[in-house]
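Enquirer: Please read through the structure below; I'll follow up with questions.
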Amino acid sequence: MPERSRWLTAGAVAVVALCAPLVTTGTGSAQPILGDQITVEASDFEPFCTPHTVDPGSIPDEASLDELSGLVSVGGRSYAVGDSGSDRAVADLDGSCGVTGWLSVPVDPYDVEDLATGPDGRLWLADIGDNGRKRETVALIGMDRATGAGKLHRLTYPDGPHDAETVLVQRDGTPLIVTKEVFGPGIVYRPAGGLSVDALASPGPTPLERVGSLDVAEPNGAGSATTGAGTTAPAVYSTMLTGGAVSADGTVAAVRSYSDVFLFAAPDGDVAAALAAGPTVRVHLPAQPQGEAVAFTEDGDLLIASEARDGPIPPVQVLRGAVAMAQGHASSEAVSDEEKSSSAGLSIGVGAVALCGLIAVVAYACLRRPR
């Protein structure tokens, strides 16, 4: 083979080797792109019902809804618990928020701050409050909704004490604890190895492991007129996380602060991954004395409740269709991102083909040019 032909043949092979990855990369599958969250205004909430005691004489000692801190809705009923000092019993509420009974907590808690349900419908009290950051262990307390029977499951952080008010139980039973930080993102922990609530040792402790962080500081709407009325400085309202909930089907999680609720789409049930990806919907909250409780109804509505702070207990408020809203926005964002990525990929692919064609033409011209 003549020397010039050998060189041009080698050049053609090199061109093909260089162009092929460009073409295949440009037309390959799209990668997920984090979409913009949507914002819902506080005016979209409406009153749901106001907690009240049907039989005042039935209230156990050291139990009260004036300090309502945790709320869940399951089995057509709601359950609520106060925090430290009023957390020795769980209130059983009917559809009008009337307290028709109390379930005594099977152990003496330190500071219950949230309430969740597991895959089997059991209640899980999050005894995770630690304002002084001095506890050696925190705990989850499992309770049967019918009898109140249950067990204590102690937990230990891998890096020292934390204050927390948020627990989320995924549909596979894995509990997540999100810390309450005055400044900076909350830290997300789970039992080491991803143990479910059913696998936790009793009384334990079971070690926790850090699996991520939850940063809701941007965009920061804490200074807007729709923020809550807590006692903390407005600049940190939105970052101090005070409660959480997971929808009945496990595909949407909610984490609230004093000023906002953040909704996270978890179509595969992986709430930890959804928290890391960021919120799909930001919901500004109406003013509350000290809003700490959040829950989903089984129909997909969002409930928020507040502590009384020396006044009458405020009504539970509802945002209709919150689960469908988060799911719908996540789906539309996924489609939009796929279209954008595919369009960009097509443009890159066409450009790559054109460039390779130009190189081939130049090479052919050089081959044909007489010497």
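Ligands are numbered from 1 in the order shown, chains are lettered A, B, ... in the order of the structure tokens, and residues start at 1 in each chain.
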If we count only C-alpha atoms and set the cut-off at 12 Å, which residues sit around Ala272 in chain A, ignoring sequence neighbours fewer than 2 positions away in its own chain? Please answer as a short mmCIF file (atom, residue, chain, number, x, y, z; two decimals) with C-alpha atoms, in the first residue's frame.
Expert:
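Result file follows (result_17.cif):
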data_model
loop_
_atom_site.label_atom_id
_atom_site.label_comp_id
_atom_site.auth_asym_id
_atom_site.auth_seq_id
_atom_site.Cartn_x
_atom_site.Cartn_y
_atom_site.Cartn_z
CA VAL A 167 -39.46 11.09 61.98
CA LEU A 168 -40.42 9.56 58.62
CA VAL A 169 -41.20 5.87 58.16
CA GLN A 170 -40.76 4.66 54.59
CA ARG A 171 -43.21 2.15 53.15
CA ASP A 172 -40.57 -0.58 53.59
CA THR A 174 -37.18 2.04 57.43
CA PRO A 175 -37.38 4.98 59.86
CA LEU A 176 -35.57 8.24 59.12
CA ILE A 177 -34.77 10.87 61.73
CA VAL A 178 -34.13 14.45 60.58
CA ILE A 187 -29.04 15.77 59.12
CA VAL A 188 -30.79 12.56 58.06
CA TYR A 189 -30.15 9.34 60.00
CA ARG A 190 -31.49 5.79 59.77
CA GLY A 194 -31.33 0.26 56.84
CA ARG A 210 -25.92 9.22 58.65
CA VAL A 211 -27.40 8.92 55.16
CA GLY A 212 -27.58 12.53 54.02
CA SER A 213 -28.74 16.03 54.80
CA LEU A 214 -31.84 18.07 54.13
CA VAL A 246 -45.23 10.06 54.65
CA GLY A 250 -45.34 5.94 50.55
CA THR A 251 -44.69 8.07 47.45
CA VAL A 252 -44.69 11.56 48.97
CA ALA A 253 -42.99 12.82 52.12
CA ALA A 254 -43.60 16.07 53.97
CA PHE A 264 -40.79 15.43 48.33
CA ALA A 265 -41.74 13.01 45.56
CA ALA A 266 -40.59 9.42 46.20
CA PRO A 267 -42.28 7.35 43.48
CA ASP A 268 -40.19 4.29 44.36
CA GLY A 269 -40.74 4.71 48.10
CA ASP A 270 -37.14 5.77 48.77
CA ALA A 274 -36.15 12.04 47.77
CA LEU A 275 -34.88 14.22 50.62
CA ALA A 276 -31.45 14.36 49.00
CA ALA A 277 -32.98 15.35 45.65
CA GLY A 278 -34.80 18.29 47.19
CA PRO A 279 -38.43 19.35 47.55
#
Enquirer: Please extract the residues of range 136-294 of chain A with a backbone DSSP assignment of helix (DSSP H, G or I) and present them as a list in words.
Expert: Ala192, Gly193, Gly194, Val197, Asp198, Ala199, Pro234, Ala235, Val236, Tyr237, Ser238, Thr239, Val271, Ala272, Ala273, Ala274, Leu275, Ala276 and Ala277 of chain A
Enquirer: Within 10 Å of Val138 in chain A, counting only C-alpha atoms, which residues show up once you throw out same-chain ones fewer than 3 positions away? Write them as a ChimeraX atom specification, please.
Expert: /A:109-112,126-130,135,153-157,161-164,205-206
Enquirer: Name all residues at most 8 Å from Gly243 in chain A (count only C-alpha atoms; drop same-chain ones fewer than 4 positions away) and give them as a ChimeraX atom specification.
Expert: /A:69-70,113-114,165-167,255-257,292-294
Enquirer: Write out, as a PDB file, in the first residue's frame, the residues just selected, with C-alpha atoms.
Expert:
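Below is the file that was written, result-v6.pdb:
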ATOM      1  CA  SER A  69     -46.598  18.029  68.592  1.00  0.00           C
ATOM      2  CA  GLY A  70     -47.262  14.861  66.559  1.00  0.00           C
ATOM      3  CA  GLU A 113     -41.708  15.185  69.323  1.00  0.00           C
ATOM      4  CA  ASP A 114     -43.381  13.391  66.407  1.00  0.00           C
ATOM      5  CA  GLU A 165     -38.425  16.622  65.954  1.00  0.00           C
ATOM      6  CA  THR A 166     -38.993  14.785  62.670  1.00  0.00           C
ATOM      7  CA  VAL A 167     -39.461  11.089  61.977  1.00  0.00           C
ATOM      8  CA  VAL A 255     -41.205  17.863  56.293  1.00  0.00           C
ATOM      9  CA  ARG A 256     -42.356  21.047  57.970  1.00  0.00           C
ATOM     10  CA  SER A 257     -40.749  23.979  59.702  1.00  0.00           C
ATOM     11  CA  GLU A 292     -44.955  21.427  64.782  1.00  0.00           C
ATOM     12  CA  ALA A 293     -47.347  18.726  63.559  1.00  0.00           C
ATOM     13  CA  VAL A 294     -47.965  17.575  60.004  1.00  0.00           C
TER      14      VAL A 294
END
Enquirer: I need the residue nearest Val81 in chain A from this list: A:Glu181, A:Asp36, A:Glu209, A:Asp66. Use only C-alpha atoms for the distance.
Expert: A:Asp66
Enquirer: Kindly indicate which residue among A:Asp310, A:Asp249, A:Asp260, A:Glu41 lies nearest to Glu298 in chain A, using only C-alpha atoms for the distances.
Expert: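 Among A:Asp310, A:Asp249, A:Asp260, A:Glu41, it is A:Asp249 that comes nearest to Glu298 in chain A.
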Enquirer: DSSP says strand (DSSP E or B) for which residues of range 245-321 of chain A? Put them as a ChimeraX atom specification?
Expert: /A:245-246,252-257,260-265,281-284,290-296,302-307,316-319
Enquirer: So what do you get for CA of Gly300 in chain A versus CA of Arg122 in chain A, distance-wise?
Expert: 19.2 Å
